[in-house]
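*Asks:* Quick one: this structure, given as structure tokens, is what I'll be asking you about.
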Amino acid sequence: MKSLLSRSLLLLAFAAFVVTLLDVASGLSLLSSGGTAFLAVACLVLLFLLARSTSVRRQPIPFVLLFGCLLALGTRLGGFEAVSRRSAAEWAGFQSQRGELVATSVAERFADLSHRAQLAAKRLADEPSIRQVIAQPDNREALAAAFDLFERTPIPAPLAEAVPGVVLYDQWFAPLAWSGNTVDLRSYFDALEESPRSETTVFEQGVFTHLIVIESIDDGNGTLAIQIPLSARRGIDNRYLRDFEVAAAWSGNSVSTDYVDVREPAPELATLFERNQDRYWGGTEEAPMLYFPLRSPAGDLLAVVQLNVEDPATALLETKRATQQSLVCSSLWQRSSRWSGWGHTCESPGMVSPVRFSS
């Protein structure tokens, strides 16, 4: 009689394990919430009866099966749900929230970089040695002091590989003193109808894009320009000359940035973002894109960033969780096989649907 009871409990434990495994393999869609709760209670009752009739050492298989069931069912009742069962509205809300967070973070960091560059330009323009060079460009001592000042002055940089520079020009925009990595701004100055005032712009030249902060000295008798690299697109395989783009580096995502060169203004883009409060959603329903601007401290449009709000890292994490769940079931089954002395190992269950915690 006792042997018959033990065999019956073993069959019931095995049946509960098979039902639980099928539910997990179907992406937690086989059992309803009520069915999951009922099966969990049934497993607890079976576990209680097993503990009364035998011991783990004598019959480990049903105990292992039931513990595996309770683990999976408890996880389900604790808040896991299949990715395929998420509502479209919930996923869209998650995408929108994540896109807003990334856009806000990148825009704020760009605004901070522009503000710090402006402060550095104003401090340098107010230095007596700089003004002396503008007044006396042939004064060698003043020029040497200007070069030394530029070397000592820290210029903000968005990334370690983005080495900034600073240049001092006379009233005809001929360079007098400089430091760091600089670009030729003659095409920018030639397009001006009058002497430049304090402004922050973007300048593209070759494979580089720079943030240019202009500061006028002595009513246009001199000009100081801080030049900060924002992107480098060399397209060569060289570990010492790596490409970079600040928005992509800051966000940690695959984003693309279209910069608005000072020589090619885009008033239609500025109007578009003003109407949409600096956020514009495009793309398709399956692959939505968030477009947002990068602005100067004065509010001028300097760049448009395109962000794919579908997060590959999240999908990878969900797949990793699914793999871990599959491996847990496989491990429990293999351990029960070894403890029972069957002398073989079972195949791992097939890959299951990704799961996640629901909020």
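As shown in the structure tokens, the chain order sets the letters A, B, ...; within each chain, residues go from 1, and ligands are also counted from 1 in the order they appear.
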If you run DSSP on the backbone here, which positions in stretch 144-243 of chain A get helix (DSSP H, G or I)? Please write them as a ChimeraX atom specification.
*Replies:* /A:144-152,186-190
*Asks:* Skip A:Leu47 itself and residues of its chain fewer than 4 positions away, then list as a ChimeraX atom specification all residues within 8 Å of it, counting only C-alpha atoms.
*Replies:* /A:43,51,63,66
*Asks:* Can you write out the residues you just picked, keeping C-alpha atoms, as a PDB file, in the first residue's frame?
*Replies:*
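As written to disk, again.pdb reads:
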ATOM      1  CA  CYS A  43       2.470  21.055  -5.518  1.00  0.00           C
ATOM      2  CA  ALA A  51       7.418  14.418   3.411  1.00  0.00           C
ATOM      3  CA  PHE A  63      11.060  16.254  -4.262  1.00  0.00           C
ATOM      4  CA  LEU A  66       8.093  19.571  -7.041  1.00  0.00           C
TER       5      LEU A  66
END
*Asks:* Using DSSP secondary structure from the backbone, list all strand (DSSP E) positions within stretch 180-315 of chain A, as a ChimeraX atom specification.
*Replies:* /A:180,199-205,208-217,222-232,244-245,255-259,280-283,288-295,301-308
*Asks:* For A:Val262, find every residue with an atom within 10 Å (counting only C-alpha atoms), except residues of its own chain fewer than 6 positions away, and show them as a list in words.
*Replies:*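 After dropping sequence-adjacent residues, the list is Tyr188, Ala191, Thr200, Thr201, Val202, Phe203, Glu204, Ile212, Leu301 and Leu302 of chain A.
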*Asks:* Need to verify the contact set: A:Val45, 12 Å, only C-alpha atoms, exclusion of same-chain residues closer than 4 positions in sequence. Can you return it as number ranges by chain?
*Replies:* A: 9, 12-13, 16, 38-41, 49-52, 63, 66, 70
*Asks:* List the spatial neighbours of A:Arg279 as an MDAnalysis selection string - criterion: any atom at most 7 Å away, only C-alpha atoms, same-chain residues fewer than 2 positions off excluded.
*Replies:* chainID A and resid 273 276:277 281 290:292
*Asks:* Tell me, in Å to one decimal, how far atom CA of A:Leu294 is from atom CA of A:Arg233.
*Replies:* 19.3 Å
